[in-house]
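entry_21.pdb follows; it contains PDB, C-alpha atoms.
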MODEL        1
ATOM      1  CA  MET N  13      60.864  70.073 129.003
ATOM      2  CA  ALA N  14      64.096  71.182 127.301
ATOM      3  CA  ARG N  15      66.380  73.499 129.244
ATOM      4  CA  THR N  16      66.456  77.111 127.986
ATOM      5  CA  THR N  17      69.880  77.940 126.537
ATOM      6  CA  LEU N  18      71.867  81.101 125.835
ATOM      7  CA  ALA N  19      71.018  80.619 122.153
ATOM      8  CA  ASP N  20      67.291  80.639 122.992
ATOM      9  CA  VAL N  21      67.641  83.926 124.874
ATOM     10  CA  ALA N  22      69.748  85.451 122.079
ATOM     11  CA  ARG N  23      67.204  84.476 119.421
ATOM     12  CA  GLU N  24      64.282  85.950 121.383
ATOM     13  CA  ALA N  25      66.156  89.149 122.281
ATOM     14  CA  GLY N  26      67.484  89.627 118.744
ATOM     15  CA  VAL N  27      71.138  89.774 119.803
ATOM     16  CA  SER N  28      74.191  87.525 119.497
ATOM     17  CA  VAL N  29      74.917  84.602 121.813
ATOM     18  CA  ALA N  30      78.165  86.336 122.755
ATOM     19  CA  LEU N  31      76.264  89.434 123.915
ATOM     20  CA  VAL N  32      73.902  87.344 126.049
ATOM     21  CA  SER N  33      76.932  85.691 127.641
ATOM     22  CA  ILE N  34      78.430  89.109 128.405
ATOM     23  CA  VAL N  35      75.207  90.157 130.141
ATOM     24  CA  MET N  36      74.899  86.937 132.135
ATOM     25  CA  ARG N  37      78.521  87.158 133.280
ATOM     26  CA  ASP N  38      78.213  90.865 134.143
ATOM     27  CA  ALA N  39      81.202  91.471 131.898
ATOM     28  CA  PRO N  40      81.903  94.809 130.171
ATOM     29  CA  GLY N  41      80.661  95.299 126.627
ATOM     30  CA  ALA N  42      76.887  95.841 126.776
ATOM     31  CA  SER N  43      74.812  98.973 127.334
ATOM     32  CA  ASP N  44      72.438  99.299 130.281
ATOM     33  CA  ALA N  45      69.425  99.160 127.948
ATOM     34  CA  THR N  46      70.684  95.975 126.309
ATOM     35  CA  ARG N  47      71.385  94.378 129.687
ATOM     36  CA  ALA N  48      67.868  95.146 130.859
ATOM     37  CA  ARG N  49      66.289  93.763 127.673
ATOM     38  CA  VAL N  50      68.339  90.570 127.720
ATOM     39  CA  ARG N  51      67.640  89.926 131.414
ATOM     40  CA  ASP N  52      63.898  90.497 130.875
ATOM     41  CA  VAL N  53      63.895  87.936 128.076
ATOM     42  CA  ALA N  54      65.954  85.492 130.149
ATOM     43  CA  ASP N  55      63.521  85.797 133.076
ATOM     44  CA  ARG N  56      60.517  85.384 130.802
ATOM     45  CA  LEU N  57      61.959  82.244 129.196
ATOM     46  CA  GLY N  58      63.056  80.845 132.526
ATOM     47  CA  TYR N  59      66.760  80.766 131.689
ATOM     48  CA  VAL N  60      68.857  79.370 134.545
ATOM     49  CA  PRO N  61      72.692  79.437 134.269
ATOM     50  CA  ASP N  62      74.361  76.038 134.419
ATOM     51  CA  GLN N  63      76.163  76.432 137.724
ATOM     52  CA  ARG N  64      77.941  73.089 137.372
ATOM     53  CA  ALA N  65      79.512  74.157 134.067
ATOM     54  CA  ARG N  66      80.320  77.556 135.528
ATOM     55  CA  LEU N  67      82.145  75.962 138.465
ATOM     56  CA  LEU N  68      84.102  73.742 136.115
ATOM     57  CA  ARG N  69      85.155  76.750 134.057
ATOM     58  CA  SER N  70      86.092  78.726 137.175
ATOM     59  CA  ALA N  71      88.735  76.149 138.119
ATOM     60  CA  ASP N  72      91.774  77.600 136.323
ATOM     61  CA  THR N  73      93.918  75.109 134.443
ATOM     62  CA  ARG N  74      96.531  77.764 133.531
ATOM     63  CA  LEU N  75      96.258  76.344 130.035
ATOM     64  CA  LEU N  76      95.719  78.202 126.743
ATOM     65  CA  GLY N  77      94.309  76.137 123.895
ATOM     66  CA  VAL N  78      95.707  76.818 120.414
ATOM     67  CA  THR N  79      94.455  75.527 117.056
ATOM     68  CA  PHE N  80      96.728  75.744 114.011
ATOM     69  CA  ASP N  81      96.862  74.548 110.415
ATOM     70  CA  LEU N  82      99.401  71.745 110.120
ATOM     71  CA  HIS N  83     100.293  72.805 106.566
ATOM     72  CA  GLN N  84     100.965  76.499 107.255
ATOM     73  CA  PRO N  85     104.625  77.233 108.120
ATOM     74  CA  PHE N  86     103.734  80.601 109.653
ATOM     75  CA  HIS N  87     101.407  78.881 112.113
ATOM     76  CA  GLY N  88     104.355  76.773 113.267
ATOM     77  CA  ASP N  89     106.334  79.962 113.905
ATOM     78  CA  LEU N  90     103.423  81.418 115.864
ATOM     79  CA  VAL N  91     103.060  78.293 118.020
ATOM     80  CA  GLU N  92     106.748  78.429 118.926
ATOM     81  CA  HIS N  93     106.432  82.012 120.152
ATOM     82  CA  LEU N  94     103.084  81.345 121.854
ATOM     83  CA  TYR N  95     104.774  78.803 124.119
ATOM     84  CA  ALA N  96     107.300  81.419 125.246
ATOM     85  CA  ALA N  97     104.735  84.217 125.612
ATOM     86  CA  ALA N  98     102.386  81.990 127.643
ATOM     87  CA  ALA N  99     105.199  80.782 129.879
ATOM     88  CA  ASP N 100     106.101  84.385 130.679
ATOM     89  CA  GLN N 101     102.564  84.758 132.084
ATOM     90  CA  GLY N 102     102.638  81.494 134.025
ATOM     91  CA  TYR N 103     100.575  79.567 131.483
ATOM     92  CA  ASP N 104     101.145  76.476 129.394
ATOM     93  CA  VAL N 105      99.860  75.783 125.877
ATOM     94  CA  ALA N 106      97.808  72.871 124.545
ATOM     95  CA  ILE N 107      97.874  72.631 120.751
ATOM     96  CA  SER N 108      95.379  70.973 118.433
ATOM     97  CA  ALA N 109      96.090  70.639 114.713
ATOM     98  CA  VAL N 110      93.790  71.204 111.762
ATOM     99  CA  ALA N 111      94.602  68.834 108.898
ATOM    100  CA  PRO N 112      92.877  67.345 105.826
ATOM    101  CA  SER N 113      91.765  64.409 107.984
ATOM    102  CA  ARG N 114      90.797  66.580 110.986
ATOM    103  CA  ASP N 115      88.541  69.610 110.670
ATOM    104  CA  GLU N 116      88.592  72.750 112.757
ATOM    105  CA  ARG N 117      85.575  71.843 114.860
ATOM    106  CA  SER N 118      87.296  68.615 115.937
ATOM    107  CA  ALA N 119      90.444  70.548 116.805
ATOM    108  CA  VAL N 120      88.450  72.990 118.948
ATOM    109  CA  GLN N 121      86.479  70.252 120.695
ATOM    110  CA  ALA N 122      89.703  68.514 121.687
ATOM    111  CA  LEU N 123      90.844  71.675 123.448
ATOM    112  CA  ARG N 124      87.500  72.118 125.172
ATOM    113  CA  ARG N 125      87.870  68.618 126.606
ATOM    114  CA  GLU N 126      91.190  69.747 128.070
ATOM    115  CA  ARG N 127      89.250  72.503 129.925
ATOM    116  CA  CYS N 128      91.542  75.238 128.618
ATOM    117  CA  ASP N 129      91.036  78.632 130.242
ATOM    118  CA  ALA N 130      90.950  80.419 126.871
ATOM    119  CA  LEU N 131      91.320  79.660 123.160
ATOM    120  CA  VAL N 132      93.688  81.190 120.597
ATOM    121  CA  LEU N 133      92.714  80.205 117.052
ATOM    122  CA  LEU N 134      95.344  80.690 114.344
ATOM    123  CA  GLY N 135      93.791  81.729 111.017
ATOM    124  CA  PRO N 136      90.482  79.971 111.668
ATOM    125  CA  ASP N 137      87.856  79.389 108.975
ATOM    126  CA  LEU N 138      84.980  79.300 111.481
ATOM    127  CA  SER N 139      81.897  81.330 110.597
ATOM    128  CA  PRO N 140      80.902  84.398 112.659
ATOM    129  CA  ASP N 141      78.044  82.386 114.197
ATOM    130  CA  ASP N 142      80.377  79.562 115.223
ATOM    131  CA  LEU N 143      82.856  82.057 116.668
ATOM    132  CA  ALA N 144      80.071  83.812 118.586
ATOM    133  CA  ALA N 145      78.878  80.551 120.111
ATOM    134  CA  LEU N 146      82.426  79.618 121.054
ATOM    135  CA  GLY N 147      83.205  83.055 122.486
ATOM    136  CA  ALA N 148      80.018  82.985 124.546
ATOM    137  CA  ASP N 149      81.218  79.876 126.325
ATOM    138  CA  LEU N 150      84.967  80.458 126.541
ATOM    139  CA  PRO N 151      87.294  83.484 126.132
ATOM    140  CA  THR N 152      88.323  83.267 122.468
ATOM    141  CA  LEU N 153      90.781  85.199 120.315
ATOM    142  CA  VAL N 154      91.628  84.772 116.630
ATOM    143  CA  VAL N 155      95.024  85.449 115.052
ATOM    144  CA  ALA N 156      95.882  86.500 111.486
ATOM    145  CA  ARG N 157      92.280  87.344 110.538
ATOM    146  CA  ARG N 158      89.504  89.709 111.503
ATOM    147  CA  SER N 159      87.152  88.580 114.229
ATOM    148  CA  GLY N 160      83.977  90.269 113.026
ATOM    149  CA  THR N 161      82.257  88.890 116.114
ATOM    150  CA  ALA N 162      81.268  90.686 119.317
ATOM    151  CA  GLY N 163      83.102  89.238 122.289
ATOM    152  CA  VAL N 164      85.856  87.557 120.244
ATOM    153  CA  GLY N 165      89.195  89.361 120.097
ATOM    154  CA  ALA N 166      91.677  89.455 117.224
ATOM    155  CA  VAL N 167      95.369  90.058 116.619
ATOM    156  CA  ARG N 168      96.288  90.510 112.973
ATOM    157  CA  GLY N 169      98.618  92.303 110.634
ATOM    158  CA  ASP N 170      97.568  95.144 108.348
ATOM    159  CA  ASP N 171      97.356  92.957 105.235
ATOM    160  CA  GLU N 172      96.410  95.754 102.866
ATOM    161  CA  LEU N 173      99.403  97.814 103.932
ATOM    162  CA  GLY N 174     101.706  94.783 103.786
ATOM    163  CA  VAL N 175     100.862  93.891 100.201
ATOM    164  CA  GLY N 176     101.183  97.565  99.331
ATOM    165  CA  LEU N 177     104.773  97.478 100.624
ATOM    166  CA  ALA N 178     105.560  94.583  98.275
ATOM    167  CA  VAL N 179     104.038  96.434  95.314
ATOM    168  CA  ASP N 180     105.920  99.627  96.171
ATOM    169  CA  HIS N 181     109.176  97.658  96.332
ATOM    170  CA  LEU N 182     108.693  96.032  92.933
ATOM    171  CA  VAL N 183     107.671  99.322  91.311
ATOM    172  CA  SER N 184     110.794 100.979  92.765
ATOM    173  CA  LEU N 185     112.822  98.330  90.917
ATOM    174  CA  GLY N 186     111.178  99.285  87.621
ATOM    175  CA  HIS N 187     108.525  96.555  87.373
ATOM    176  CA  VAL N 188     105.303  97.554  85.644
ATOM    177  CA  ARG N 189     103.796  94.124  84.832
ATOM    178  CA  LEU N 190     102.786  92.840  88.244
ATOM    179  CA  VAL N 191     100.467  90.028  89.277
ATOM    180  CA  HIS N 192      99.035  88.974  92.617
ATOM    181  CA  VAL N 193      98.623  85.221  93.093
ATOM    182  CA  ASP N 194      95.860  85.467  95.668
ATOM    183  CA  GLY N 195      94.888  83.274  98.605
ATOM    184  CA  GLY N 196      91.470  82.171  97.402
ATOM    185  CA  SER N 197      89.165  81.944 100.424
ATOM    186  CA  ALA N 198      91.943  81.740 103.023
ATOM    187  CA  PRO N 199      91.794  84.124 106.019
ATOM    188  CA  GLY N 200      93.320  87.460 105.027
ATOM    189  CA  ALA N 201      93.058  86.786 101.290
ATOM    190  CA  GLU N 202      90.380  89.413 100.685
ATOM    191  CA  GLU N 203      92.404  92.122 102.437
ATOM    192  CA  ARG N 204      95.568  91.230 100.516
ATOM    193  CA  ARG N 205      93.711  91.250  97.195
ATOM    194  CA  ARG N 206      92.305  94.663  97.990
ATOM    195  CA  GLY N 207      95.716  95.942  99.061
ATOM    196  CA  PHE N 208      97.291  94.795  95.799
ATOM    197  CA  VAL N 209      94.605  96.368  93.625
ATOM    198  CA  GLU N 210      94.768  99.684  95.473
ATOM    199  CA  ALA N 211      98.572  99.813  95.404
ATOM    200  CA  ALA N 212      98.761  98.948  91.699
ATOM    201  CA  ARG N 213      96.247 101.657  90.825
ATOM    202  CA  ARG N 214      98.117 104.149  93.000
ATOM    203  CA  HIS N 215     101.125 103.587  90.733
ATOM    204  CA  GLY N 216      99.023 103.847  87.580
ATOM    205  CA  LEU N 217      99.249 100.118  86.831
ATOM    206  CA  ASP N 218      96.534  97.744  85.701
ATOM    207  CA  PRO N 219      95.987  95.338  88.623
ATOM    208  CA  TRP N 220      96.228  91.675  87.606
ATOM    209  CA  VAL N 221      94.910  89.202  90.183
ATOM    210  CA  LEU N 222      95.212  85.487  89.530
ATOM    211  CA  PRO N 223      93.324  82.856  91.574
ATOM    212  CA  GLY N 224      95.728  80.958  93.786
ATOM    213  CA  GLY N 225      95.622  79.668  97.338
ATOM    214  CA  ALA N 226      97.611  79.169 100.527
ATOM    215  CA  THR N 227      99.709  76.167  99.502
ATOM    216  CA  GLU N 228     102.766  75.424  97.409
ATOM    217  CA  ARG N 229     100.615  73.470  94.969
ATOM    218  CA  ASP N 230      98.444  76.561  94.446
ATOM    219  CA  GLY N 231     101.537  78.568  93.567
ATOM    220  CA  VAL N 232     102.701  75.964  91.061
ATOM    221  CA  ARG N 233      99.286  75.859  89.397
ATOM    222  CA  ALA N 234      99.028  79.636  89.131
ATOM    223  CA  THR N 235     102.535  79.903  87.659
ATOM    224  CA  ALA N 236     101.608  77.520  84.837
ATOM    225  CA  THR N 237      98.923  80.024  83.845
ATOM    226  CA  LEU N 238     101.333  82.977  84.107
ATOM    227  CA  LEU N 239     103.888  81.326  81.847
ATOM    228  CA  GLU N 240     101.265  80.934  79.111
ATOM    229  CA  ALA N 241     100.424  84.655  79.084
ATOM    230  CA  ALA N 242     101.295  86.690  75.966
ATOM    231  CA  ALA N 243     103.084  89.209  78.197
ATOM    232  CA  PRO N 244     104.115  87.374  81.393
ATOM    233  CA  PRO N 245     104.586  89.479  84.528
ATOM    234  CA  THR N 246     108.048  90.446  85.693
ATOM    235  CA  GLY N 247     106.901  90.792  89.310
ATOM    236  CA  VAL N 248     104.813  88.346  91.350
ATOM    237  CA  VAL N 249     103.267  89.122  94.748
ATOM    238  CA  ALA N 250     102.194  85.797  96.250
ATOM    239  CA  PHE N 251      99.573  85.385  98.973
ATOM    240  CA  ASN N 252     102.033  83.869 101.445
ATOM    241  CA  ASP N 253     105.489  82.286 101.620
ATOM    242  CA  HIS N 254     104.090  78.801 100.996
ATOM    243  CA  CYS N 255     102.393  79.914  97.782
ATOM    244  CA  ALA N 256     105.499  81.916  96.785
ATOM    245  CA  SER N 257     107.636  78.809  97.229
ATOM    246  CA  GLY N 258     105.449  77.017  94.682
ATOM    247  CA  VAL N 259     105.818  79.968  92.290
ATOM    248  CA  LEU N 260     109.605  79.878  92.639
ATOM    249  CA  ASP N 261     109.818  76.121  92.077
ATOM    250  CA  ALA N 262     107.635  76.342  88.949
ATOM    251  CA  LEU N 263     109.768  79.202  87.564
ATOM    252  CA  LEU N 264     112.924  77.192  88.249
ATOM    253  CA  ARG N 265     111.552  74.172  86.351
ATOM    254  CA  ALA N 266     110.592  76.484  83.470
ATOM    255  CA  ARG N 267     114.188  77.812  83.435
ATOM    256  CA  ARG N 268     113.144  81.351  84.314
ATOM    257  CA  ASP N 269     115.855  83.236  86.149
ATOM    258  CA  VAL N 270     114.836  84.700  89.534
ATOM    259  CA  PRO N 271     115.273  87.612  89.961
ATOM    260  CA  ARG N 272     116.813  88.596  86.586
ATOM    261  CA  GLN N 273     113.692  87.681  84.591
ATOM    262  CA  VAL N 274     111.024  87.491  87.298
ATOM    263  CA  SER N 275     110.936  88.874  90.843
ATOM    264  CA  VAL N 276     108.847  87.140  93.508
ATOM    265  CA  THR N 277     107.683  88.266  96.946
ATOM    266  CA  GLY N 278     106.040  86.193  99.625
ATOM    267  CA  TYR N 279     104.140  87.133 102.766
ATOM    268  CA  ASP N 280     104.564  86.191 106.463
ATOM    269  CA  ASP N 281     108.375  85.890 106.733
ATOM    270  CA  SER N 282     107.917  82.320 107.936
ATOM    271  CA  ARG N 283     110.794  79.896 108.384
ATOM    272  CA  LEU N 284     110.126  78.795 104.797
ATOM    273  CA  ALA N 285     111.345  82.187 103.541
ATOM    274  CA  VAL N 286     114.891  81.483 104.757
ATOM    275  CA  ALA N 287     114.901  77.695 104.329
ATOM    276  CA  ARG N 288     115.348  77.952 100.565
ATOM    277  CA  GLN N 289     118.618  78.447  98.710
ATOM    278  CA  ASP N 290     117.080  81.545  97.126
ATOM    279  CA  LEU N 291     116.283  83.534 100.272
ATOM    280  CA  MET N 292     112.829  84.988  99.806
ATOM    281  CA  THR N 293     111.826  88.647  99.805
ATOM    282  CA  THR N 294     108.689  88.745 101.918
ATOM    283  CA  VAL N 295     106.470  90.822 104.193
ATOM    284  CA  SER N 296     107.082  90.169 107.880
ATOM    285  CA  GLN N 297     104.174  90.028 110.319
ATOM    286  CA  SER N 298     106.526  89.501 113.310
ATOM    287  CA  ALA N 299     105.413  86.146 114.682
ATOM    288  CA  ARG N 300     106.924  86.982 118.069
ATOM    289  CA  GLU N 301     104.982  90.219 118.540
ATOM    290  CA  MET N 302     101.793  88.643 117.198
ATOM    291  CA  ALA N 303     102.113  85.771 119.682
ATOM    292  CA  GLU N 304     102.818  88.079 122.598
ATOM    293  CA  ARG N 305      99.829  90.282 121.802
ATOM    294  CA  ALA N 306      97.640  87.197 121.326
ATOM    295  CA  VAL N 307      98.488  85.839 124.769
ATOM    296  CA  ALA N 308      97.928  89.256 126.336
ATOM    297  CA  GLY N 309      94.580  89.566 124.534
ATOM    298  CA  ALA N 310      93.396  86.096 125.557
ATOM    299  CA  LEU N 311      94.298  86.710 129.199
ATOM    300  CA  GLY N 312      92.563  90.089 129.033
ATOM    301  CA  LEU N 313      89.367  88.375 127.892
ATOM    302  CA  LEU N 314      89.778  85.798 130.650
ATOM    303  CA  ALA N 315      89.934  88.634 133.186
ATOM    304  CA  GLY N 316      86.619  90.001 131.881
ATOM    305  CA  GLY N 317      88.047  92.728 129.657
ATOM    306  CA  PRO N 318      86.561  93.771 126.298
ATOM    307  CA  ALA N 319      87.393  92.057 123.025
ATOM    308  CA  ARG N 320      89.878  94.164 121.061
ATOM    309  CA  ASP N 321      90.945  94.136 117.400
ATOM    310  CA  VAL N 322      94.722  94.623 117.489
ATOM    311  CA  VAL N 323      96.280  95.489 114.119
ATOM    312  CA  LEU N 324     100.066  95.255 113.781
ATOM    313  CA  THR N 325     102.179  97.088 111.199
ATOM    314  CA  PRO N 326     104.056  94.740 108.817
ATOM    315  CA  GLU N 327     107.533  95.318 107.404
ATOM    316  CA  LEU N 328     109.119  94.415 104.070
ATOM    317  CA  VAL N 329     112.169  92.124 104.293
ATOM    318  CA  VAL N 330     114.230  92.308 101.090
ATOM    319  CA  ARG N 331     116.262  89.239 100.183
ATOM    320  CA  SER N 332     117.401  87.566  96.948
ATOM    321  CA  THR N 333     114.169  86.824  95.023
ATOM    322  CA  THR N 334     113.602  90.424  93.894
ATOM    323  CA  GLY N 335     115.745  92.582  91.655
ATOM    324  CA  PRO N 336     115.587  95.216  88.898
ATOM    325  CA  ALA N 337     113.051  94.687  86.143
ATOM    326  CA  PRO N 338     114.527  93.163  82.969
ATOM    327  CA  ALA N 339     115.402  95.696  80.279
TER     328      ALA N 339
ENDMDL
END
If you took the structure in this file and wrote it as structure tokens, what would it be?
Amino acid sequence: MARTTLADVAREAGVSVALVSIVMRDAPGASDATRARVRDVADRLGYVPDQRARLLRSADTRLLGVTFDLHQPFHGDLVEHLYAAAADQGYDVAISAVAPSRDERSAVQALRRERCDALVLLGPDLSPDDLAALGADLPTLVVARRSGTAGVGAVRGDDELGVGLAVDHLVSLGHVRLVHVDGGSAPGAEERRRGFVEAARRHGLDPWVLPGGATERDGVRATATLLEAAAPPTGVVAFNDHCASGVLDALLRARRDVPRQVSVTGYDDSRLAVARQDLMTTVSQSAREMAERAVAGALGLLAGGPARDVVLTPELVVRSTTGPAPA
């Protein structure tokens, strides 16, 4: 006969796997009524905790597992600061990359084999169900996106506010034809789209959103469309610095002067923003603070604390890719 699992109990009780795990671990985060219902279902189904797995998990490795996207410069900045923040707490970091040839599930499984005490996932694409299952088994925190999952913490920037800062800046320079090259389905893209639309309307402008993505290639492709427009924009708000770099390169090849003819802003303030000759105006999420709060949040979950959604306030960093609107 198959062993009854947490997922079986969750399905029968009509709650998430993460909530069942909270009840079984006597961790905070569930009401007395919910605890009683879940335990009744567990007893009825004959659920028995896997003590061997529990003992293995109780042996601290002092290791935090981190997944990151190999192609995202901001993730590299976060990893650098995560090492320092973890070391300050007496922990080390094991990293596992997500790449075109290696999906996120493989990256997570590699860290689980290392028996990490907790997981910090940078901009993950995992579904709420996958996150719930992961969080039920191991303290898990996501960075640079909403969690949307009970028991899984999050540390993220206020993306709507951040994009609004970029729009406000361009409008203050006299720009009225603005476009947002969005992030497609990338984590945070929906919030940044919404922030752009709301900010544009606040200034009485018609919001123009162009499909883009999180990579330089996406920025190049979107710029080709912009250059064909009857009235091209004079201000571009890109989804992130990587996308903005593609926009800038495409404008350079088209012999468009930045910022005299077109102003461009990025997002993240990654190392890419200052690696270019044309230092990029961008929205800073403060990789250092985000990393420090992520480590604190992961260790809080490990200690049995509640999952929290920490939202940080971004700041605009003005450099050389924005200037007054052309006359």
Checklist line | Spatial neighbours of Ala212 of chain N, max dist 12 Å, only C-alpha atoms, sep filter under 6 positions, as a list in words | finding: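 What passes the distance filter is Glu172, Val175, Gly176, Leu177, Ala178, Val179, Asp180, His181, Leu182, Val183, His187, Val188, Arg189, Leu190, Val191, His192, Arg205, Arg206, Asp218, Pro219, Trp220, Val221, Gly247 and Val249 of chain N.
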Env of segment 309-323 of chain N: 8 Å cut, atoms = only C-alpha atoms, seq-sep filter 3 positions within chain, self excluded. Answer as a tab-separated table (two decimals) with C-alpha atoms, in the coordinates of the input.
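part_16.tsv, written as the output of this step:
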chain	number	residue	atom	x	y	z
N	39	ALA	CA	81.20	91.47	131.90
N	40	PRO	CA	81.90	94.81	130.17
N	41	GLY	CA	80.66	95.30	126.63
N	129	ASP	CA	91.04	78.63	130.24
N	130	ALA	CA	90.95	80.42	126.87
N	131	LEU	CA	91.32	79.66	123.16
N	132	VAL	CA	93.69	81.19	120.60
N	151	PRO	CA	87.29	83.48	126.13
N	152	THR	CA	88.32	83.27	122.47
N	153	LEU	CA	90.78	85.20	120.32
N	158	ARG	CA	89.50	89.71	111.50
N	159	SER	CA	87.15	88.58	114.23
N	162	ALA	CA	81.27	90.69	119.32
N	163	GLY	CA	83.10	89.24	122.29
N	164	VAL	CA	85.86	87.56	120.24
N	165	GLY	CA	89.20	89.36	120.10
N	166	ALA	CA	91.68	89.46	117.22
N	167	VAL	CA	95.37	90.06	116.62
N	168	ARG	CA	96.29	90.51	112.97
N	169	GLY	CA	98.62	92.30	110.63
N	170	ASP	CA	97.57	95.14	108.35
N	305	ARG	CA	99.83	90.28	121.80
N	306	ALA	CA	97.64	87.20	121.33
Next item on the list: Counting all atoms listed in the file, figure out which residue out of N:Gly186, N:Gly88, N:Gly231, N:Gly174 gets nearest to His254 of chain N.
Entry: N:Gly231
Between segment 46-120 of chain N and segment 135-145 of chain N, at 10 Å or less, what are the per-residue closest atom pairs and their distances in Å? Count all atoms listed in the file, order by chain and rising residue number, and return it as JSON lines.
{"residue": "N:Thr79", "atom": "CA", "partner": "N:Pro136", "partner_atom": "CA", "distance": 8.0}
{"residue": "N:Phe80", "atom": "CA", "partner": "N:Gly135", "partner_atom": "CA", "distance": 7.3}
{"residue": "N:Asp81", "atom": "CA", "partner": "N:Gly135", "partner_atom": "CA", "distance": 7.8}
{"residue": "N:Gln84", "atom": "CA", "partner": "N:Gly135", "partner_atom": "CA", "distance": 9.6}
{"residue": "N:His87", "atom": "CA", "partner": "N:Gly135", "partner_atom": "CA", "distance": 8.2}
{"residue": "N:Val110", "atom": "CA", "partner": "N:Pro136", "partner_atom": "CA", "distance": 9.4}
{"residue": "N:Asp115", "atom": "CA", "partner": "N:Asp137", "partner_atom": "CA", "distance": 9.9}
{"residue": "N:Glu116", "atom": "CA", "partner": "N:Pro136", "partner_atom": "CA", "distance": 7.5}
{"residue": "N:Arg117", "atom": "CA", "partner": "N:Leu138", "partner_atom": "CA", "distance": 8.2}
Note to self: Can you translate the PyMOL selection byres ((chain N and resi 298) around 12) into the concrete residues it hits in this file, as a PyMOL selection string?
What the structure shows: chain N and resi 86-87+89-90+93+156+167-170+174+279-283+294-297+299-305+323-329
Axis-aligned box over every listed atom of segment 99-118 of chain N, padded by 5 Å per side: centre and edges in Å to one decimal, as lines of an AutoDock Vina configuration file?
center_x = 95.8
center_y = 74.6
center_z = 119.9
size_x = 30.5
size_y = 30.3
size_z = 38.2
Check: In Å, how far is it from atom CA of Met292 of chain N to atom CA of Ser332 of chain N?
Finding: 6.0 Å
List the residues matched by the PyMOL selection byres ((chain N and resi 21-32) around 7) in the displayed structure as a compact mmCIF listing (two decimals) with C-alpha atoms, keeping the file's coordinate frame, ordered by chain and then by residue number.
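To be explicit, this is the file written out as selection_23.txt:
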# COMPACT_ATOMS: atom_id res chain seq x y z
CA THR N 17 69.88 77.94 126.54
CA LEU N 18 71.87 81.10 125.84
CA ALA N 19 71.02 80.62 122.15
CA ASP N 20 67.29 80.64 122.99
CA SER N 33 76.93 85.69 127.64
CA ILE N 34 78.43 89.11 128.40
CA VAL N 35 75.21 90.16 130.14
CA MET N 36 74.90 86.94 132.14
CA VAL N 50 68.34 90.57 127.72
CA VAL N 53 63.90 87.94 128.08
CA ALA N 54 65.95 85.49 130.15
CA ALA N 144 80.07 83.81 118.59
CA ALA N 145 78.88 80.55 120.11
CA GLY N 147 83.20 83.06 122.49
CA ALA N 148 80.02 82.98 124.55
CA ALA N 162 81.27 90.69 119.32
CA GLY N 163 83.10 89.24 122.29
Check: From the set N:Arg331, N:Arg265, N:His215, N:Arg49, which residue has the shortest atom-to-atom contact distance to Val232 of chain N, counting all atoms listed in the file?
Finding: N:Arg265
Next item on the list: Record the distance separating atom CA of Ala256 of chain N and atom CA of Gln273 of chain N, expressed in Å with one decimal.
Entry: 15.8 Å
Next item on the list: Determine the nearest neighbour of Gln101 of chain N from the options N:Leu75, N:Ala122, N:Arg288, N:Gly335, counting only C-alpha atoms.
Entry: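 Going through N:Leu75, N:Ala122, N:Arg288, N:Gly335 one by one, the smallest distance to Gln101 of chain N is for N:Leu75.
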Check: For the atom pair atom CA of Asp38 of chain N and atom CA of Leu146 of chain N, what is the interatomic distance in Å to one decimal place?
Finding: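 Straight-line distance from atom CA of Asp38 of chain N to atom CA of Leu146 of chain N works out to 17.8 Å.
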